[in-house]
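Asker: Structure in structure tokens, see below.
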There are 2 protein chains.
Amino acid sequence: MRYELYYWPSIQGRGEFVRLALEDAGANYVDVARERGTAGMMAMMGGGTIATPPFAPPFLKAGKLVIGQTANILFYLGSRHGLAPKAEAGRLWLHQLQLTITDLVVEIHDTHHPLGPTLYYEDQRAPAKKRAAEFWAERVPKYLGYFETLLRQRKQAYINGRKVTYVDLSLFQIIAGLRYAFPKHMNAYEHSIPALVALHDRVAARPNIEAYLASDRRIPFNEDGIFRCYKALDA
Amino acid sequence: MRYELYYWPSIQGRGEFVRLALEDAGANYVDVARERGTAGMMAMMGGGTIATPPFAPPFLKAGKLVIGQTANILFYLGSRHGLAPKAEAGRLWLHQLQLTITDLVVEIHDTHHPLGPTLYYEDQRAPAKKRAAEFWAERVPKYLGYFETLLRQRKQAYINGRKVTYVDLSLFQIIAGLRYAFPKHMNAYEHSIPALVALHDRVAARPNIEAYLASDRRIPFNEDGIFRCYKALDA
């Protein structure tokens, strides 16, 4: 089956968590907006043309199904493409981890948009500074400490054992993104998360991921996505 | 099976979305912290005693499974208790809707905590005012407009047709909570969401829900949860 991924064409964003899974799996997919623009995507969301209109991108068309919400898409793809266990207990556990990553992604985005997504960063610099400071003081240790502990307890290559999962790919993205957005903070903090750093490197070295990262399909980080390099927030 | 629900005992919060489902289903469950305090809950999260430690409450012990993340718990319970379709396509669609509600809940919480959960509301009143204003101007119409449209298109009693789902119960909670937290704003806005208001009333009248709401198991709304009545934010 050829999947159709619908996401904004100029950012990594939430869509990137899906792109990484599709790429690692070697799945047959088209990144629709990057090939054909966003009109089709907007029509599927707002046009009253489908029975299950997504609220927002990313969403995946898989045959007749239109699946929205990043973690939901990964839940669907994971066990179909060897990126999650097939049995229910394992699927629920990985999904729980992915939803925790989702919560972290919201907080990362809110370091530059504490007043919400409808105002520009430039109109919320002061609260952003405060939010970012609290984020690094309290929230990063809590979230990344949790995943670091799980990895250390597992004592295996990946978070669920010997086989890679979409959660590992997402944790790679978190580390890569935080390094881009907060180079000073990460430089100071990374010594606390050696298992996560090793996981990042292990994922980056997977053949399909390595090829993807070197390709033009991997959009560079920029200041329009979730991970943004604003020096004022990285003091 | 007797479920064990682990959540903070003095707030509705995220746990309430699970309580509503358990109550409507007439499921056999114990709200552990309300009966025995929070020590057991904290031990399961941080004690290294279980293989799948949740990051945060709520979580549900279902036999040998320990399931965290509100939407994940509802995904597990839904099709087992007649609150979701059994087939995959329907389960994924409802889960997508629940995850969108989850995103709305984060934004509701951030109206009083735009700088994050580690500072008190009293230390972020000014940004909270701005966030709440943007929330009502832009975000409520976007989120509730989406669900209102789905309900009107469905033209049936519930969001997925004739049978109630956990998403309907959650939408009831959103309406009830917003009325508590923002009475002035809701009074002005509700005429725009007649289908959602009718759904709220329909859910409230379901026998098990009606009994629950009248019981002492339903913790009153207060200023410690997601929905908080801060007059300064309801201007």
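Just remember, in the structure tokens the first chain shown is A, the second B, etc., residues are 1-based per chain, and ligands are 1-based in the order shown.
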Find the residues around Val18 of chain B up to 8 Å (only C-alpha atoms counted), leave out those fewer than 3 positions away in its own chain, and share them as number ranges by chain.
Answerer: B: 14-15, 21-22, 70, 73-74
Asker: Distance limit 8 Å, atoms considered: only C-alpha atoms. Which chain A residues sit that close to chain B? Return them as a PyMOL selection string.
Answerer: chain A and resi 52+55+65+67-69+72+89+92-93+95-96+99-100+107+114-116+118+127-128+130-131+134-135+138+146
Asker: Tell me, as a list in words, which residues lie within 8 Å of Glu23 of chain B, counting only C-alpha atoms; anything in the same chain fewer than 4 positions away does not count.
Answerer: Arg19, Ala27, Asn208, Ile209 and Tyr212 of chain B
Asker: Those same residues - N, CA and C atoms - I'd like them written as a PDB file, in the first residue's frame.
Answerer:
ATOM      1  N   ARG B  19     -12.967   8.278  35.087  1.00  0.00           N
ATOM      2  CA  ARG B  19     -14.057   7.974  36.033  1.00  0.00           C
ATOM      3  C   ARG B  19     -15.407   7.950  35.317  1.00  0.00           C
ATOM      4  N   ALA B  27     -18.654  -0.300  35.443  1.00  0.00           N
ATOM      5  CA  ALA B  27     -17.520  -1.193  35.653  1.00  0.00           C
ATOM      6  C   ALA B  27     -17.196  -1.315  37.137  1.00  0.00           C
ATOM      7  N   ASN B 208     -26.562   6.014  34.664  1.00  0.00           N
ATOM      8  CA  ASN B 208     -25.357   5.848  35.492  1.00  0.00           C
ATOM      9  C   ASN B 208     -24.632   7.164  35.714  1.00  0.00           C
ATOM     10  N   ILE B 209     -24.652   8.029  34.693  1.00  0.00           N
ATOM     11  CA  ILE B 209     -23.978   9.322  34.844  1.00  0.00           C
ATOM     12  C   ILE B 209     -24.768  10.190  35.824  1.00  0.00           C
ATOM     13  N   TYR B 212     -24.039   9.060  39.211  1.00  0.00           N
ATOM     14  CA  TYR B 212     -22.674   9.418  39.599  1.00  0.00           C
ATOM     15  C   TYR B 212     -22.573  10.894  39.978  1.00  0.00           C
TER      16      TYR B 212
END
Asker: Please compute the atom CA of Tyr120 of chain B-atom CA of Pro58 of chain B distance, one decimal, in Å.
Answerer: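 Rounded to one decimal, the two atoms are 21.6 Å apart.
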Asker: Would you return as a ChimeraX atom specification the members of segment 43-211 of chain A that DSSP assigns to helix (DSSP H, G or I) on this structure's backbone?
Answerer: /A:43-46,70-78,88-112,121-123,125-154,166-181,183-192,194-204,207-211
Asker: Residues at most 10 Å from Leu144 of chain B, counting only C-alpha atoms, excluding those fewer than 6 positions away in the same chain, as a list in words?
Answerer: Ile101, Leu104, Leu150, Leu171, Ile174, Ile175, Ser192, Ile193 and Leu196 of chain B
Asker: Could you jot down the atom CA of Glu122 of chain A to atom CA of Ile11 of chain A separation for me, Å, one decimal place?
Answerer: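 Separation between atom CA of Glu122 of chain A and atom CA of Ile11 of chain A: 19.1 Å.
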Asker: For segment 5-7 of chain B, list every protein, DNA or RNA residue within 8 Å, evaluated using only C-alpha atoms, and leave out those in the same chain fewer than 4 positions away; present the list as a tab-separated table (two decimals) with N, CA, C and O atoms, in the first residue's frame.
Answerer:
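Result file is selection_15.tsv:
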chain	number	residue	atom	x	y	z
B	15	GLY	N	-8.12	12.51	35.54
B	15	GLY	CA	-8.72	11.25	35.98
B	15	GLY	C	-10.22	11.20	35.76
B	15	GLY	O	-10.80	10.12	35.58
B	29	TYR	N	-14.74	-0.99	39.84
B	29	TYR	CA	-13.44	-0.35	40.01
B	29	TYR	C	-13.32	0.27	41.39
B	29	TYR	O	-14.31	0.56	42.04
B	30	VAL	N	-12.06	0.43	41.79
B	30	VAL	CA	-11.78	1.17	43.02
B	30	VAL	C	-10.92	2.37	42.67
B	30	VAL	O	-9.98	2.26	41.88
B	31	ASP	N	-11.28	3.51	43.22
B	31	ASP	CA	-10.52	4.75	43.04
B	31	ASP	C	-9.51	4.76	44.20
B	31	ASP	O	-9.76	5.27	45.29
B	32	VAL	N	-8.34	4.16	43.92
B	32	VAL	CA	-7.44	3.74	45.00
B	32	VAL	C	-7.05	4.88	45.95
B	32	VAL	O	-7.14	4.74	47.17
B	33	ALA	N	-6.62	6.00	45.40
B	33	ALA	CA	-6.12	7.07	46.26
B	33	ALA	C	-7.21	7.64	47.15
B	33	ALA	O	-6.94	8.09	48.26
B	41	MET	N	0.21	4.82	44.74
B	41	MET	CA	0.33	5.42	43.42
B	41	MET	C	1.76	5.93	43.18
B	41	MET	O	2.36	5.66	42.14
B	57	PRO	N	-0.05	10.19	36.85
B	57	PRO	CA	-1.44	9.74	36.89
B	57	PRO	C	-2.24	10.49	35.82
B	57	PRO	O	-1.79	11.57	35.40
B	58	PRO	N	-3.38	9.97	35.40
B	58	PRO	CA	-4.03	8.73	35.84
B	58	PRO	C	-3.42	7.48	35.20
B	58	PRO	O	-2.89	7.53	34.11
B	59	PHE	N	-3.52	6.39	35.91
B	59	PHE	CA	-3.24	5.09	35.32
B	59	PHE	C	-4.19	4.06	35.91
B	59	PHE	O	-4.74	4.25	36.99
B	60	LEU	N	-4.37	3.00	35.13
B	60	LEU	CA	-5.36	1.99	35.45
B	60	LEU	C	-4.68	0.63	35.55
B	60	LEU	O	-3.94	0.25	34.64
B	61	LYS	N	-4.90	-0.05	36.66
B	61	LYS	CA	-4.42	-1.43	36.76
B	61	LYS	C	-5.58	-2.33	36.35
B	61	LYS	O	-6.66	-2.28	36.94
Asker: Neighbouring residues of Lys163 of chain A were defined as those with any atom within 10 Å, considering only C-alpha atoms; residues of the same chain fewer than 5 positions away were excluded. Please report them as a PyMOL selection string.
Answerer: chain A and resi 82-85+156-158+168
Asker: Grab the residues selected above and save them as a PDB file, in the first residue's frame with C-alpha atoms.
Answerer:
ATOM      1  CA  GLY A  82       7.991  -4.063  12.777  1.00  0.00           C
ATOM      2  CA  LEU A  83       8.262  -0.872  14.829  1.00  0.00           C
ATOM      3  CA  ALA A  84       6.103  -2.107  17.706  1.00  0.00           C
ATOM      4  CA  PRO A  85       5.097  -5.406  19.234  1.00  0.00           C
ATOM      5  CA  GLN A 156      19.267  -3.374  25.905  1.00  0.00           C
ATOM      6  CA  ALA A 157      19.729  -1.536  22.629  1.00  0.00           C
ATOM      7  CA  TYR A 158      16.244  -0.052  22.509  1.00  0.00           C
ATOM      8  CA  ASP A 168      13.150   5.050  19.877  1.00  0.00           C
TER       9      ASP A 168
END
Asker: Could you pull the residues within 8 Å of segment 214-227 of chain A, counting only C-alpha atoms, minus those fewer than 5 positions along the same chain, as an NGL selection string?
Answerer: :A and (10-14 or 105 or 108-109 or 177-178 or 180-181)
Asker: Give me, please, the distance in Å between atom CA of Tyr189 of chain A and atom CA of Ala176 of chain A, quoted to one decimal.
Answerer: 13.5 Å
Asker: Please return as a list in words: the residues of segment 38-195 of chain B that backbone DSSP assigns to strand (DSSP E or B).
Answerer: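 The residues of segment 38-195 of chain B classed as strand (DSSP E or B) are Phe59, Leu60, Lys61, Ala62, Leu65, Val66, Ile67, Gly68, Tyr158 and Gly161 of chain B.
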